[in-house]
$ cat my_file-v2.txt   # compact mmCIF, C-alpha atoms
# COMPACT_ATOMS: atom_id res chain seq x y z
CA MET A 20 19.31 -33.72 16.90
CA ALA A 21 17.44 -34.28 13.69
CA ASP A 22 14.30 -32.41 12.69
CA VAL A 23 11.21 -34.57 12.36
CA LYS A 24 8.27 -33.05 10.48
CA LEU A 25 4.80 -34.11 11.59
CA ILE A 26 1.33 -33.35 10.21
CA ILE A 27 -1.04 -32.89 13.14
CA THR A 28 -4.84 -32.55 13.03
CA ASP A 29 -6.22 -30.96 16.21
CA ARG A 30 -9.64 -31.44 17.81
CA ALA A 31 -11.15 -28.63 15.76
CA GLY A 32 -10.09 -30.38 12.58
CA GLU A 33 -7.35 -27.91 11.78
CA VAL A 34 -4.22 -29.34 10.19
CA ARG A 35 -0.82 -27.91 10.97
CA ASN A 36 2.81 -28.74 10.28
CA VAL A 37 4.85 -29.26 13.38
CA THR A 38 8.62 -29.70 13.62
CA ALA A 39 9.84 -31.91 16.46
CA GLN A 40 13.30 -33.15 17.39
CA SER A 41 14.20 -36.81 17.26
CA GLY A 42 13.78 -38.24 20.76
CA ASP A 43 11.01 -35.84 21.84
CA VAL A 44 8.00 -37.36 23.60
CA LEU A 45 5.05 -36.91 21.25
CA MET A 46 2.73 -35.64 23.98
CA GLN A 47 5.17 -32.84 24.84
CA VAL A 48 5.38 -31.88 21.16
CA LEU A 49 1.60 -31.65 20.96
CA ARG A 50 1.37 -29.65 24.17
CA GLU A 51 3.98 -27.20 22.97
CA HIS A 52 2.71 -26.73 19.45
CA VAL A 53 -0.98 -27.54 19.49
CA ASP A 54 -2.78 -27.82 22.81
CA LEU A 55 -1.29 -27.15 26.22
CA THR A 56 -4.11 -28.92 28.07
CA LEU A 57 -3.39 -32.39 26.73
CA GLY A 58 -2.29 -35.04 29.17
CA THR A 59 -3.67 -34.03 32.58
CA CYS A 60 -1.83 -36.85 34.36
CA GLY A 61 1.53 -35.85 32.92
CA GLY A 62 2.36 -39.25 31.45
CA ALA A 63 1.25 -41.64 34.22
CA ILE A 64 -1.12 -43.58 31.94
CA SER A 65 -4.03 -42.64 34.16
CA CYS A 66 -6.02 -40.01 32.26
CA GLY A 67 -6.27 -40.98 28.60
CA THR A 68 -6.40 -37.37 27.41
CA CYS A 69 -3.28 -37.65 25.24
CA LEU A 70 -4.85 -40.19 22.91
CA VAL A 71 -3.86 -39.85 19.24
CA THR A 72 -4.67 -41.70 16.05
CA LEU A 73 -1.62 -42.37 13.87
CA SER A 74 -1.08 -43.14 10.24
CA PRO A 75 -0.57 -46.91 9.77
CA GLN A 76 3.07 -46.65 8.71
CA TRP A 77 3.94 -44.57 11.78
CA LEU A 78 2.11 -47.01 14.02
CA ALA A 79 3.98 -49.96 12.53
CA SER A 80 7.34 -48.35 13.28
CA LEU A 81 6.62 -47.95 16.97
CA PRO A 82 7.42 -50.39 19.80
CA ALA A 83 4.40 -52.27 21.15
CA ALA A 84 2.33 -50.77 23.97
CA SER A 85 3.17 -51.77 27.54
CA ASP A 86 0.57 -53.71 29.55
CA ASP A 87 -0.48 -50.50 31.33
CA GLU A 88 -0.95 -48.60 28.07
CA ALA A 89 -2.75 -51.52 26.44
CA GLU A 90 -5.14 -51.73 29.38
CA MET A 91 -5.83 -48.01 29.16
CA LEU A 92 -6.41 -48.13 25.39
CA GLU A 93 -8.94 -50.89 25.93
CA ALA A 94 -10.69 -48.98 28.72
CA LEU A 95 -10.92 -45.96 26.41
CA ASP A 96 -12.38 -48.16 23.69
CA ALA A 97 -9.72 -46.65 21.45
CA GLY A 98 -9.64 -47.51 17.76
CA ALA A 99 -7.06 -49.78 16.14
CA PHE A 100 -4.65 -47.00 15.17
CA SER A 101 -4.66 -45.24 18.53
CA ARG A 102 -1.84 -44.83 21.03
CA LEU A 103 -1.19 -42.72 24.10
CA SER A 104 1.16 -39.97 22.93
CA CYS A 105 2.77 -39.76 26.37
CA GLN A 106 4.30 -43.17 25.71
CA LEU A 107 5.73 -42.44 22.27
CA ALA A 108 9.07 -40.96 21.27
CA VAL A 109 9.38 -39.25 17.93
CA ASP A 110 12.17 -40.57 15.69
CA ALA A 111 13.33 -40.38 12.10
CA ALA A 112 10.80 -43.02 11.02
CA ALA A 113 8.00 -40.59 11.95
CA ASP A 114 9.19 -37.91 9.56
CA GLY A 115 6.33 -36.79 7.31
CA MET A 116 3.76 -38.87 9.24
CA GLU A 117 0.26 -37.85 10.32
CA ALA A 118 -1.45 -37.88 13.70
CA THR A 119 -4.89 -36.80 14.85
CA ILE A 120 -5.62 -35.76 18.42
CA ALA A 121 -8.56 -37.81 19.70
CA PRO A 122 -11.69 -35.85 20.54
CA GLU A 123 -12.61 -35.07 24.16
CA GLU A 124 -15.52 -37.14 25.46
CA MET B 13 -1.97 -39.20 86.63
CA ALA B 14 1.66 -38.87 87.77
CA THR B 15 4.17 -38.33 84.99
CA ALA B 16 7.94 -38.15 84.97
CA PRO B 17 9.54 -34.73 84.44
CA ALA B 18 9.96 -34.09 80.73
CA VAL B 19 13.73 -33.73 80.96
CA LEU B 20 14.38 -37.36 81.89
CA ASP B 21 14.81 -39.90 79.14
CA ARG B 22 13.03 -43.05 80.26
CA GLY B 23 14.41 -45.00 77.29
CA TYR B 24 11.15 -45.77 75.48
CA ALA B 25 11.25 -43.12 72.75
CA ALA B 26 14.14 -44.90 71.05
CA MET B 27 12.52 -48.34 71.10
CA PRO B 28 10.87 -49.61 67.92
CA ILE B 29 7.20 -50.51 67.76
CA PRO B 30 6.71 -54.28 67.39
CA PHE B 31 4.74 -55.76 64.49
CA GLY B 32 1.53 -57.67 65.12
CA TRP B 33 -2.26 -57.57 65.24
CA PHE B 34 -3.39 -54.77 67.54
CA ALA B 35 -6.81 -53.69 68.72
CA VAL B 36 -7.72 -50.24 67.46
CA ALA B 37 -11.42 -49.98 68.31
CA MET B 38 -14.33 -51.92 69.74
CA SER B 39 -16.81 -53.15 67.11
CA GLY B 40 -19.46 -50.79 68.44
CA ASP B 41 -17.14 -47.82 67.91
CA VAL B 42 -17.50 -48.08 64.13
CA ALA B 43 -21.13 -48.41 63.06
CA PRO B 44 -22.11 -49.10 59.44
CA GLY B 45 -21.55 -45.88 57.50
CA GLN B 46 -19.23 -44.47 60.17
CA ILE B 47 -15.69 -43.22 59.54
CA LYS B 48 -12.97 -42.75 62.14
CA THR B 49 -9.42 -41.41 62.07
CA LEU B 50 -7.31 -43.44 64.48
CA ARG B 51 -3.87 -42.59 65.86
CA TYR B 52 -1.67 -45.56 66.72
CA PHE B 53 1.86 -46.79 65.89
CA ASP B 54 3.07 -43.17 65.82
CA THR B 55 0.98 -42.59 62.70
CA GLU B 56 -2.67 -42.34 61.71
CA PHE B 57 -5.07 -44.17 59.46
CA VAL B 58 -8.76 -44.03 58.53
CA VAL B 59 -11.27 -46.82 59.14
CA TRP B 60 -14.87 -47.16 57.97
CA ARG B 61 -17.56 -49.81 58.04
CA GLY B 62 -19.39 -50.39 54.75
CA GLU B 63 -23.02 -51.35 54.21
CA ASP B 64 -21.89 -54.97 54.03
CA GLY B 65 -20.57 -54.74 57.58
CA THR B 66 -16.91 -55.05 56.65
CA VAL B 67 -14.43 -52.75 58.38
CA ASN B 68 -11.72 -51.29 56.13
CA ALA B 69 -8.57 -49.34 56.98
CA VAL B 70 -6.52 -47.09 54.69
CA ASP B 71 -3.71 -44.56 54.79
CA PRO B 72 -5.11 -41.14 55.55
CA PHE B 73 -4.30 -39.11 52.42
CA CYS B 74 -6.25 -39.39 49.19
CA PRO B 75 -3.88 -40.37 46.35
CA HIS B 76 -5.63 -37.92 44.00
CA LEU B 77 -4.75 -34.56 45.52
CA GLY B 78 -3.95 -35.38 49.13
CA ALA B 79 -7.14 -34.59 51.08
CA HIS B 80 -7.45 -36.24 54.48
CA LEU B 81 -9.85 -39.14 54.06
CA GLY B 82 -11.13 -38.83 57.62
CA VAL B 83 -12.39 -35.26 57.19
CA ASN B 84 -15.90 -34.69 55.80
CA SER B 85 -15.66 -37.95 53.88
CA THR B 86 -18.71 -40.21 53.57
CA VAL B 87 -19.38 -43.91 53.22
CA SER B 88 -21.00 -44.67 49.89
CA GLY B 89 -22.26 -48.26 49.86
CA ASN B 90 -19.19 -50.20 50.94
CA ASP B 91 -16.78 -47.52 49.74
CA LEU B 92 -15.22 -44.39 51.20
CA ARG B 93 -15.89 -41.15 49.28
CA CYS B 94 -13.31 -38.40 49.61
CA ALA B 95 -14.70 -34.93 50.40
CA PHE B 96 -12.42 -33.09 48.00
CA HIS B 97 -13.51 -34.39 44.57
CA HIS B 98 -15.79 -37.28 45.52
CA TRP B 99 -13.47 -40.04 44.38
CA SER B 100 -14.66 -43.31 45.92
CA PHE B 101 -12.35 -46.07 47.20
CA ASN B 102 -13.05 -49.68 48.10
CA GLY B 103 -11.44 -51.64 50.92
CA ASN B 104 -8.68 -52.86 48.59
CA GLY B 105 -7.54 -49.30 47.96
CA GLY B 106 -8.88 -49.15 44.41
CA VAL B 107 -10.80 -46.22 42.97
CA THR B 108 -14.37 -47.25 42.23
CA ASP B 109 -15.86 -43.97 41.05
CA ILE B 110 -14.77 -40.57 39.75
CA PRO B 111 -18.03 -38.67 39.18
CA TYR B 112 -16.68 -36.17 36.65
CA SER B 113 -14.67 -38.63 34.57
CA ARG B 114 -16.10 -41.02 32.00
CA MET B 115 -14.25 -43.97 33.50
CA VAL B 116 -11.79 -44.93 36.21
CA PRO B 117 -8.39 -45.53 34.57
CA PRO B 118 -7.42 -49.20 34.96
CA LYS B 119 -4.30 -48.39 36.97
CA LEU B 120 -6.35 -46.60 39.59
CA ARG B 121 -8.81 -49.49 40.02
CA ARG B 122 -6.25 -51.40 42.07
CA ASN B 123 -3.72 -50.61 44.83
CA CYS B 124 -4.12 -46.89 44.46
CA LEU B 125 -4.48 -46.14 48.16
CA PRO B 126 -2.44 -48.17 50.69
CA THR B 127 -4.58 -50.34 52.95
CA TRP B 128 -4.11 -51.97 56.36
CA PRO B 129 -5.22 -55.59 56.99
CA VAL B 130 -8.23 -55.66 59.29
CA SER B 131 -9.59 -58.51 61.40
CA GLU B 132 -12.71 -58.19 63.54
CA ALA B 133 -13.10 -60.83 66.25
CA ASP B 134 -15.08 -61.14 69.48
CA GLY B 135 -16.24 -57.54 69.41
CA VAL B 136 -12.82 -56.02 68.76
CA ILE B 137 -11.43 -54.47 65.58
CA PHE B 138 -7.77 -55.34 64.97
CA VAL B 139 -5.36 -54.02 62.36
CA TRP B 140 -2.05 -55.56 61.38
CA TYR B 141 0.91 -53.24 61.89
CA HIS B 142 4.26 -53.93 60.27
CA PRO B 143 6.72 -51.11 59.52
CA LYS B 144 7.62 -52.64 56.16
CA LYS B 145 4.03 -53.58 55.34
CA ALA B 146 4.82 -57.29 55.44
CA ALA B 147 1.67 -59.43 55.29
CA PRO B 148 0.14 -60.78 58.51
CA LYS B 149 2.16 -63.67 59.91
CA TRP B 150 -0.60 -65.18 62.05
CA ASP B 151 -4.34 -64.82 62.69
CA VAL B 152 -6.03 -62.91 65.47
CA ALA B 153 -6.57 -65.22 68.47
CA ARG B 154 -10.16 -66.02 69.44
CA LEU B 155 -11.68 -66.59 72.85
CA PRO B 156 -11.44 -70.18 74.08
CA GLU B 157 -14.54 -72.27 73.72
CA CYS B 158 -17.06 -71.71 76.51
CA PRO B 159 -17.76 -74.99 78.32
CA GLU B 160 -21.47 -74.23 78.51
CA GLY B 161 -23.27 -71.95 76.08
CA GLU B 162 -21.75 -68.56 75.28
CA TRP B 163 -19.40 -66.40 77.32
CA VAL B 164 -21.15 -63.50 79.06
CA LEU B 165 -19.39 -60.16 78.57
CA ALA B 166 -19.43 -58.71 82.08
CA GLU B 167 -17.13 -55.69 81.90
CA THR B 168 -14.87 -53.74 79.58
CA HIS B 169 -12.05 -51.47 80.68
CA GLU B 170 -9.45 -49.32 78.99
CA TRP B 171 -6.45 -47.32 80.05
CA VAL B 172 -3.83 -45.17 78.35
CA ILE B 173 -0.46 -45.74 79.98
CA ASN B 174 2.76 -43.80 79.43
CA ILE B 175 5.03 -46.71 78.65
CA HIS B 176 6.10 -48.94 75.74
CA CYS B 177 3.69 -51.86 75.20
CA GLN B 178 6.45 -54.45 75.81
CA GLU B 179 6.49 -53.54 79.50
CA ILE B 180 2.79 -54.21 80.04
CA THR B 181 3.07 -57.85 79.07
CA GLU B 182 6.50 -58.25 80.67
CA ASN B 183 4.80 -57.41 83.95
CA GLY B 184 3.18 -60.86 84.06
CA GLN B 185 6.64 -62.45 84.13
CA ASP B 186 7.79 -60.17 86.94
CA HIS B 187 7.18 -62.63 89.77
CA ALA B 188 8.50 -60.54 92.62
CA HIS B 189 6.24 -57.55 92.06
CA PHE B 190 3.04 -59.45 92.88
CA GLY B 191 3.82 -59.42 96.59
CA ALA B 192 5.09 -55.85 96.78
CA VAL B 193 2.63 -54.15 94.47
CA HIS B 194 -0.49 -56.33 94.70
CA GLY B 195 -0.11 -57.87 98.12
CA VAL B 196 -0.56 -61.39 96.79
CA SER B 197 1.89 -64.23 97.07
CA SER B 198 4.36 -64.18 94.21
CA ALA B 199 3.16 -65.88 91.03
CA PRO B 200 3.88 -69.56 91.40
CA LYS B 201 6.24 -71.04 88.87
CA GLY B 202 4.43 -72.34 85.92
CA GLU B 203 5.12 -73.68 82.50
CA PHE B 204 6.26 -71.11 79.98
CA ARG B 205 6.11 -72.33 76.40
CA LEU B 206 6.59 -70.88 72.96
CA ASP B 207 4.71 -72.23 69.98
CA GLY B 208 5.53 -70.14 66.91
CA TRP B 209 4.16 -66.67 67.64
CA VAL B 210 2.22 -67.82 70.71
CA ARG B 211 3.47 -67.84 74.31
CA ARG B 212 1.67 -69.96 76.89
CA ASN B 213 1.91 -69.75 80.65
CA THR B 214 0.03 -72.22 82.76
CA VAL B 215 0.01 -71.80 86.51
CA VAL B 216 -1.61 -74.08 89.04
CA VAL B 217 -2.31 -72.45 92.37
CA GLU B 218 -3.40 -73.63 95.74
CA MET B 219 -5.90 -71.04 96.93
CA PRO B 220 -7.09 -70.77 100.50
CA THR B 221 -10.86 -70.52 100.75
CA PRO B 222 -13.21 -70.52 103.74
CA ARG B 223 -14.03 -74.10 102.83
CA GLY B 224 -10.42 -75.17 102.72
CA PRO B 225 -7.71 -75.04 100.05
CA MET B 226 -8.74 -75.47 96.46
CA THR B 227 -6.78 -75.83 93.27
CA GLY B 228 -7.10 -73.17 90.65
CA LYS B 229 -5.63 -72.88 87.19
CA ILE B 230 -4.53 -69.76 85.34
CA ASP B 231 -3.94 -70.24 81.64
CA VAL B 232 -2.39 -67.38 79.70
CA THR B 233 -2.16 -67.46 75.93
CA ALA B 234 -0.27 -64.51 74.45
CA THR B 235 -0.53 -64.26 70.66
CA GLY B 236 1.97 -61.79 69.27
CA PRO B 237 2.72 -58.65 71.23
CA GLY B 238 -0.82 -57.31 71.02
CA GLN B 239 -3.10 -59.99 72.46
CA SER B 240 -3.27 -61.93 75.69
CA ILE B 241 -6.17 -64.16 76.73
CA THR B 242 -6.18 -65.42 80.32
CA GLU B 243 -8.53 -68.07 81.62
CA TYR B 244 -9.08 -68.37 85.38
CA ILE B 245 -10.61 -71.67 86.39
CA ASP B 246 -11.36 -72.17 90.05
CA VAL B 247 -14.49 -71.30 91.99
CA THR B 248 -15.02 -68.79 89.19
CA HIS B 249 -14.50 -69.31 85.50
CA ILE B 250 -13.37 -66.08 83.94
CA VAL B 251 -11.83 -65.20 80.61
CA GLN B 252 -9.91 -61.97 80.49
CA SER B 253 -9.20 -60.83 76.95
CA GLN B 254 -6.47 -58.20 76.90
CA GLN B 255 -5.14 -56.10 74.07
CA VAL B 256 -2.17 -53.72 74.27
CA THR B 257 -1.83 -51.28 71.39
CA PRO B 258 1.10 -48.91 70.87
CA ILE B 259 -0.07 -45.33 70.40
CA ASP B 260 3.63 -44.62 70.00
CA SER B 261 6.75 -46.16 71.51
CA GLN B 262 6.10 -44.41 74.84
CA THR B 263 2.32 -44.74 75.12
CA THR B 264 0.08 -47.80 75.19
CA HIS B 265 -3.67 -48.22 74.95
CA LEU B 266 -4.67 -51.14 77.18
CA ARG B 267 -8.10 -52.75 76.69
CA TRP B 268 -9.81 -55.51 78.68
CA GLN B 269 -12.97 -57.47 78.07
CA MET B 270 -13.93 -59.71 81.00
CA TYR B 271 -16.20 -62.70 80.40
CA HIS B 272 -17.64 -65.40 82.64
CA ILE B 273 -19.62 -68.58 82.05
CA PRO B 274 -23.41 -68.20 81.94
CA GLY B 275 -25.87 -69.43 84.55
CA LEU B 276 -23.89 -68.51 87.66
CA SER B 277 -25.56 -68.70 91.04
CA ASP B 278 -25.75 -65.48 93.05
CA GLY B 279 -22.91 -66.64 95.26
CA ARG B 280 -20.61 -67.52 92.40
CA MET B 281 -21.52 -64.28 90.61
CA ARG B 282 -20.45 -62.33 93.68
CA VAL B 283 -17.13 -64.18 93.77
CA THR B 284 -16.73 -63.63 90.03
CA GLN B 285 -17.36 -59.90 90.36
CA ALA B 286 -14.98 -59.68 93.30
CA ARG B 287 -12.27 -61.42 91.28
CA MET B 288 -12.80 -59.06 88.36
CA ARG B 289 -12.63 -56.05 90.68
CA ASP B 290 -9.41 -57.42 92.09
CA LEU B 291 -7.84 -57.84 88.65
CA VAL B 292 -8.79 -54.28 87.66
CA LYS B 293 -7.42 -53.04 90.97
CA GLN B 294 -4.10 -54.72 90.14
CA VAL B 295 -3.78 -52.77 86.88
CA ASN B 296 -4.47 -49.56 88.75
CA GLU B 297 -1.74 -50.52 91.23
CA ASP B 298 0.74 -51.13 88.38
CA ILE B 299 -0.04 -47.88 86.56
CA PRO B 300 1.83 -45.38 88.78
CA ILE B 301 4.96 -47.49 88.38
CA TRP B 302 4.48 -47.96 84.63
CA ASN B 303 3.91 -44.26 84.07
CA THR B 304 7.17 -43.25 85.67
CA LYS B 305 9.68 -46.11 85.41
CA ARG B 306 12.49 -46.18 82.90
CA TYR B 307 13.51 -49.04 80.66
CA MET B 308 16.38 -51.16 82.00
CA SER B 309 18.13 -52.98 79.17
CA THR B 310 20.40 -54.73 81.70
CA PRO B 311 18.35 -54.95 84.88
CA LEU B 312 20.03 -56.21 88.06
CA LEU B 313 17.88 -59.32 88.35
CA VAL B 314 18.22 -61.81 91.18
CA GLU B 315 16.79 -65.21 91.94
CA GLY B 316 13.05 -64.97 92.31
CA ASP B 317 12.63 -62.12 89.83
CA GLY B 318 11.07 -64.36 87.21
CA PRO B 319 11.88 -65.17 83.58
CA MET B 320 11.87 -61.60 82.27
CA MET B 321 15.04 -61.93 80.18
CA ALA B 322 13.70 -65.11 78.54
CA TYR B 323 10.48 -63.22 77.82
CA ARG B 324 12.49 -60.36 76.25
CA ALA B 325 14.56 -62.74 74.12
CA GLN B 326 11.35 -64.17 72.73
CA TYR B 327 9.69 -60.76 72.36
CA ALA B 328 12.65 -59.62 70.25
CA ARG B 329 11.12 -61.59 67.37
CA PHE B 330 8.51 -58.89 67.03
CA PHE B 331 11.23 -56.35 66.27
CA GLN B 332 12.76 -58.44 63.48
CA PHE B 333 11.22 -56.55 60.61
CA ASP B 334 12.95 -58.54 57.87
CA ASP B 335 11.10 -61.85 57.84
CA PRO B 336 12.19 -63.88 60.86
CA GLU B 337 11.19 -67.52 61.35
CA PRO B 338 9.02 -68.33 64.37
CA ASP B 339 10.42 -71.01 66.64
CA SER B 340 9.04 -73.30 69.32
CA GLN B 341 10.76 -73.59 72.66
CA ALA B 342 9.93 -74.05 76.31
CA ALA B 343 11.48 -72.11 79.15

$ encode --input "my_file-v2.txt" --output "structure tokens"
Amino acid sequence: MADVKLIITDRAGEVRNVTAQSGDVLMQVLREHVDLTLGTCGGAISCGTCLVTLSPQWLASLPAASDDEAEMLEALDAGAFSRLSCQLAVDAAADGMEATIAPEE
Amino acid sequence: MATAPAVLDRGYAAMPIPFGWFAVAMSGDVAPGQIKTLRYFDTEFVVWRGEDGTVNAVDPFCPHLGAHLGVNSTVSGNDLRCAFHHWSFNGNGGVTDIPYSRMVPPKLRRNCLPTWPVSEADGVIFVWYHPKKAAPKWDVARLPECPEGEWVLAETHEWVINIHCQEITENGQDHAHFGAVHGVSSAPKGEFRLDGWVRRNTVVVEMPTPRGPMTGKIDVTATGPGQSITEYIDVTHIVQSQQVTPIDSQTTHLRWQMYHIPGLSDGRMRVTQARMRDLVKQVNEDIPIWNTKRYMSTPLLVEGDGPMMAYRAQYARFFQFDDPEPDSQAA
């Protein structure tokens, strides 16, 4: 299991370095290291509280959103670089990349 | 009401419940804004009537955190609002409002809560029951056209009987019981036809009257296992709309609505009312036997018993839960 280093900005604007393992679900990484309350629905694409904004290179390396996720992103009026972290697995391509946890509404 | 001792197995508990449209309430039982929890088909479900007059039926537990949707819930517009967190649901089982959330997630806006097909016809609310939730295979049958004006609803009756619903409608094919139980001459042979999901019996009778014999016709149209509409045309003209609804495989809710043509003279009205009384009396004569008999999968039938086995062979379609084809045949 390879270490993947991520640069995460939380909702308060604080930046921290987080080390994940390749294959981890990003939402779980954020819950463990940053904010335990993220993702109230547990990954069912029905709450939108795990929304993150990613650096463009990280975004480009990821598989496209499923129809369910795409529908949710639209309903949230999410910006162009946003994804639901419950649907993303961390891999080597994410090493050194940045993500920002979307603010609560 | 006489019941069999609990230790005897009368054979109905093991029988499946047939699929079909079944009456679950009279229209007046569910007013706009009213919610009811109903127990049929060995399960329960929740119905409500919205502001727009439509009756909806859903599974009883809220998909959010499991509250019973029939308890302290309210109708909000056309939707049902759960008491627990005030989530609102429409008749398609989609969430329409979550008061504390900025939006309803797209996934929850559709098929979130399982629904039951509902059809309201001639003052009766029907739901479609199928154990595998297959879509309705036919439409609810309507009253025949009234030859003059509108049918007059004269009486309604209901009974709860401790037997599987198949036996109630089989009773009409049991020719030999009419003499013994009801003291009338055994049902004359008539035509017995199948047309897809519909069974038709037409019987022509010679009836003795003080003015000499007259010919009467009895036309029975059974649509699925749950509905039977009988038209009596002789000196009276009566339509008897019957629904049998399984509460479980050993208990049946029987409902009758009795109609007659409008504008009857006093004399004909008296005959009509006497006929209706007689028909109700016949059900009450059947009930002690229904409540205590056991199911006979291989009855010892003899000549004159009537086409009960043919009826059962046709009725078996309603237990074929994996997409059978309807067929037409006469017997």

$ interface_residues --input "my_file-v2.txt" --of "chain A" --to "chain B" --cutoff "12 Å" --atoms "only C-alpha atoms" --output "list in words"
Cys60, Ala63, Ile64, Ser65, Cys66, Gly67, Thr68, Asp86, Asp87, Glu88, Ala89, Glu90, Met91, Leu92, Glu93, Ala94, Leu95, Asp96, Glu123 and Glu124 of chain A

$ residues_around --input "my_file-v2.txt" --residues "stretch 29-44 of chain B" --least-positions-apart "4" --cutoff "7 Å" --atoms "all atoms listed in the file" --output "JSON list (two decimals) with C-alpha atoms, in the frame of the given file"
[["chain", "number", "residue", "atom", "x", "y", "z"],
["B", 53, "PHE", "CA", 1.86, -46.79, 65.89],
["B", 60, "TRP", "CA", -14.87, -47.16, 57.97],
["B", 61, "ARG", "CA", -17.56, -49.81, 58.04],
["B", 62, "GLY", "CA", -19.39, -50.39, 54.75],
["B", 63, "GLU", "CA", -23.02, -51.35, 54.21],
["B", 65, "GLY", "CA", -20.57, -54.74, 57.58],
["B", 135, "GLY", "CA", -16.24, -57.54, 69.41],
["B", 136, "VAL", "CA", -12.82, -56.02, 68.76],
["B", 137, "ILE", "CA", -11.43, -54.47, 65.58],
["B", 138, "PHE", "CA", -7.77, -55.34, 64.97],
["B", 139, "VAL", "CA", -5.36, -54.02, 62.36],
["B", 140, "TRP", "CA", -2.05, -55.56, 61.38],
["B", 141, "TYR", "CA", 0.91, -53.24, 61.89],
["B", 142, "HIS", "CA", 4.26, -53.93, 60.27],
["B", 152, "VAL", "CA", -6.03, -62.91, 65.47],
["B", 236, "GLY", "CA", 1.97, -61.79, 69.27],
["B", 237, "PRO", "CA", 2.72, -58.65, 71.23],
["B", 238, "GLY", "CA", -0.82, -57.31, 71.02],
["B", 255, "GLN", "CA", -5.14, -56.10, 74.07],
["B", 256, "VAL", "CA", -2.17, -53.72, 74.27],
["B", 257, "THR", "CA", -1.83, -51.28, 71.39],
["B", 261, "SER", "CA", 6.75, -46.16, 71.51],
["B", 330, "PHE", "CA", 8.51, -58.89, 67.03],
["B", 331, "PHE", "CA", 11.23, -56.35, 66.27]]

$ residues_near_point --input "my_file-v2.txt" --point "(-25.1, -47.7, 52.0)" --cutoff "7 Å" --atoms "all atoms listed in the file" --output "PyMOL selection string"
chain B and resi 45+62-63+87-90

$ residues_around --input "my_file-v2.txt" --residues "A:Ala118" --least-positions-apart "6" --cutoff "12 Å" --atoms "all atoms listed in the file" --output "PyMOL selection string"
chain A and resi 24-30+32-37+45-46+48-49+53+69-78+100-104+109

$ closest_residue --input "my_file-v2.txt" --among "B:Gly106, B:Gly78, B:Gly208, B:Pro159" --to "B:Glu243" --atoms "only C-alpha atoms"
B:Pro159

$ atom_distance --input "my_file-v2.txt" --atom1 "atom CA of B:Ser253" --atom2 "atom CA of B:Ile241"
4.5 Å

$ residues_near_point --input "my_file-v2.txt" --point "(3.8, -52.5, 95.2)" --cutoff "10 Å" --atoms "only C-alpha atoms" --output "list in words"
Ala188, His189, Phe190, Gly191, Ala192, Val193, His194, Gly195, Gln294, Glu297, Asp298, Pro300 and Ile301 of chain B
